[in-house]
Amino acid sequence: MLALQFDFASGGVRAYFGYADKPNFPARYNIAPTQAIPVVCRDGQGTRRFRLMRWGLLPPFVKDPKRFPTLINARSEAVLEKPSFRHAMRRRRCLIPADGFYEWTGAKGKKRPFHLRPREPRLIAFAGLYETWQDPAGGEIDTVTILTCEANRTVAALHDRMPVVIEPEQFEAWLDVEGVSAEEALAILGPAADDLFEAVEMHPKINDSRKDEPGIQEPLQLSLL
DNA sequence: CCAGACGTTGTT
DNA sequence: GTCTGG
DNA sequence: CCAGACGTTGTT
DNA sequence: GTCTGG
């Protein structure tokens, strides 16, 4: 799940990611896999663009998406070998704007959600791969997945994996599939600094993806008052 | 050769 | 246990 | 990712 | 489309 409360048309966000568009994407508090998420990628001219893509990559060779898993994550260590990701790693790298991510502990039915958010408020960019999938009728769907890596110290308390964060100095190298090989791009990927994120336990109401409204993203402590 | 897979996370 | 919907 | 369903026949 | 297993 993701929460995104940015104004993607505002100058600050556009300047950080370097896209020319002024998109109108509403504040979201609980984005689930298979839903549309904002993505920053390069177009044919090399210009950075804001795009909405289905979260859950479909490789071009898939015939029936119903009989294919929802690929919301890709292990960065393995992307060069996996048929589902290899082409995208060479030709379709992208950034996913975020303000953090969720991890869970606990058993099914009583999951305790934690929001991992920047210790100091700032924008985050996750490393992503995308593919354009063609349905049998000829329609095109842009689909995207988020790369993961070994957890850093902070995240390891909850899980052994975390999304790959790309810092602005590496945006161009990550996005430049013409000038930077997949092997070189792979070398950029790794766990974020241990002090980038802090874990804040959330109210379990965030677990219900049918709810997407202000207040759903509420720290557990506040809700007990 | 053809048929079938092609993936991750978390949990045990 | 496994699949689907969000 | 988590939560919730997991089914058919026949009738409206 | 490409790779793996049989």
# chains A, B, ... in the order shown; residues from 1 in each chain; ligands from 1
call {"tool": "closest_atom_pairs", "arguments": {"of": "chain A", "to": "chain D", "cutoff": "7 Å", "atoms": "only C-alpha atoms (C1' of nucleotides)", "output": "Markdown table"}}
result
| residue | atom | partner | partner_atom | distance |
| --- | --- | --- | --- | --- |
| A:Met1 | CA | D:DC1 | C1' | 5.5 |
| A:Asn207 | CA | D:DC2 | C1' | 5.7 |
| A:Asp208 | CA | D:DA3 | C1' | 6.8 |
call {"tool": "closest_atom_pairs", "arguments": {"of": "chain E", "to": "chain A", "cutoff": "10 Å", "atoms": "only C-alpha atoms (C1' of nucleotides)", "output": "CSV"}}
result
residue,atom,partner,partner_atom,distance
E:DG1,C1',A:Phe61,CA,6.3
E:DT2,C1',A:Pro83,CA,7.0
E:DC3,C1',A:Pro83,CA,8.0
call {"tool": "write_last_selection", "arguments": {"atoms": "C-alpha atoms (C1' of nucleotides)", "output": "compact mmCIF listing (two decimals), in the first residue's frame"}}
result
# COMPACT_ATOMS: atom_id res chain seq x y z
C1' DG E 1 9.66 -13.51 -26.22
C1' DT E 2 12.80 -16.67 -23.85
C1' DC E 3 14.15 -20.15 -20.76
call {"tool": "atom_distance", "arguments": {"atom1": "CA of Ala173 in chain A", "atom2": "CA of Phe197 in chain A"}}
result
23.7 Å
call {"tool": "residues_around", "arguments": {"residues": "range 144-158 of chain A", "least_positions_apart": "6", "cutoff": "8 Å", "atoms": "only C-alpha atoms (C1' of nucleotides)", "output": "PyMOL selection string"}}
result
chain A and resi 53-58+71-77+96+103-105+116+126-131+164+189-195+197-199
call {"tool": "atom_distance", "arguments": {"atom1": "CA of Asp7 in chain A", "atom2": "CA of Asp99 in chain A"}}
result
12.1 Å
call {"tool": "select_by_dssp", "arguments": {"residues": "range 36-201 of chain A", "states": "alpha helix (DSSP H)", "output": "ChimeraX atom specification"}}
result
/A:86-91,153-156,171-175,182-188
call {"tool": "write_last_selection", "arguments": {"atoms": "N, CA, C and O atoms", "output": "compact mmCIF listing (two decimals), in the first residue's frame"}}
result
# COMPACT_ATOMS: atom_id res chain seq x y z
N ARG A 86 13.81 -8.43 -17.07
CA ARG A 86 15.09 -8.13 -17.71
C ARG A 86 14.97 -7.03 -18.76
O ARG A 86 15.78 -6.11 -18.81
N HIS A 87 13.95 -7.14 -19.60
CA HIS A 87 13.78 -6.13 -20.64
C HIS A 87 13.52 -4.75 -20.04
O HIS A 87 14.11 -3.75 -20.46
N ALA A 88 12.67 -4.69 -19.03
CA ALA A 88 12.37 -3.41 -18.39
C ALA A 88 13.61 -2.83 -17.72
O ALA A 88 13.82 -1.61 -17.72
N MET A 89 14.46 -3.68 -17.16
CA MET A 89 15.67 -3.19 -16.52
C MET A 89 16.60 -2.55 -17.55
O MET A 89 17.31 -1.60 -17.26
N ARG A 90 16.57 -3.08 -18.77
CA ARG A 90 17.41 -2.49 -19.83
C ARG A 90 16.79 -1.24 -20.43
O ARG A 90 17.50 -0.30 -20.76
N ARG A 91 15.43 -1.25 -20.59
CA ARG A 91 14.80 -0.23 -21.42
C ARG A 91 13.74 0.63 -20.74
O ARG A 91 13.30 1.62 -21.30
N ARG A 153 18.95 -1.09 8.68
CA ARG A 153 18.84 -1.39 10.10
C ARG A 153 17.45 -1.07 10.67
O ARG A 153 16.87 -1.85 11.43
N THR A 154 16.93 0.08 10.26
CA THR A 154 15.63 0.53 10.79
C THR A 154 14.51 -0.40 10.35
O THR A 154 13.67 -0.80 11.16
N VAL A 155 14.51 -0.75 9.08
CA VAL A 155 13.42 -1.56 8.52
C VAL A 155 13.56 -3.02 8.96
O VAL A 155 12.55 -3.73 9.11
N ALA A 156 14.79 -3.46 9.19
CA ALA A 156 15.02 -4.87 9.52
C ALA A 156 14.28 -5.30 10.78
O ALA A 156 13.99 -6.49 10.95
N PHE A 171 19.07 10.27 -10.22
CA PHE A 171 17.86 10.20 -11.07
C PHE A 171 18.22 10.00 -12.53
O PHE A 171 17.68 9.15 -13.22
N GLU A 172 19.14 10.84 -13.01
CA GLU A 172 19.45 10.81 -14.44
C GLU A 172 20.06 9.47 -14.84
O GLU A 172 19.70 8.90 -15.87
N ALA A 173 20.98 8.98 -14.03
CA ALA A 173 21.62 7.69 -14.35
C ALA A 173 20.57 6.57 -14.38
O ALA A 173 20.58 5.71 -15.25
N TRP A 174 19.66 6.60 -13.40
CA TRP A 174 18.65 5.54 -13.34
C TRP A 174 17.70 5.60 -14.54
O TRP A 174 17.33 4.58 -15.12
N LEU A 175 17.32 6.82 -14.94
CA LEU A 175 16.33 6.97 -16.01
C LEU A 175 16.96 6.86 -17.40
O LEU A 175 16.26 6.54 -18.37
N ALA A 182 22.09 -1.64 -18.02
CA ALA A 182 21.36 -2.28 -16.92
C ALA A 182 22.34 -2.67 -15.82
O ALA A 182 22.03 -2.54 -14.63
N GLU A 183 23.52 -3.14 -16.20
CA GLU A 183 24.52 -3.56 -15.21
C GLU A 183 24.99 -2.36 -14.38
O GLU A 183 25.13 -2.45 -13.16
N GLU A 184 25.23 -1.25 -15.06
CA GLU A 184 25.64 -0.03 -14.34
C GLU A 184 24.52 0.47 -13.45
O GLU A 184 24.75 0.91 -12.33
N ALA A 185 23.30 0.41 -13.97
CA ALA A 185 22.15 0.88 -13.19
C ALA A 185 21.95 0.02 -11.95
O ALA A 185 21.58 0.51 -10.89
N LEU A 186 22.23 -1.27 -12.10
CA LEU A 186 22.07 -2.19 -10.96
C LEU A 186 22.97 -1.78 -9.80
O LEU A 186 22.60 -1.93 -8.63
N ALA A 187 24.14 -1.25 -10.14
CA ALA A 187 25.11 -0.88 -9.11
C ALA A 187 24.62 0.28 -8.25
O ALA A 187 25.12 0.50 -7.14
N ILE A 188 23.65 1.04 -8.77
CA ILE A 188 23.10 2.18 -8.01
C ILE A 188 22.23 1.68 -6.85
O ILE A 188 22.08 2.37 -5.84
call {"tool": "select_by_dssp", "arguments": {"residues": "range 7-217 of chain A", "states": "strand (DSSP E)", "output": "ChimeraX atom specification"}}
result
/A:28-31,36-42,48-55,73-75,93-98,101-105,112-118,124-134,140-150,161-163,197-201
call {"tool": "atom_distance", "arguments": {"atom1": "CA of Thr132 in chain A", "atom2": "CA of Val177 in chain A"}}
result
16.1 Å
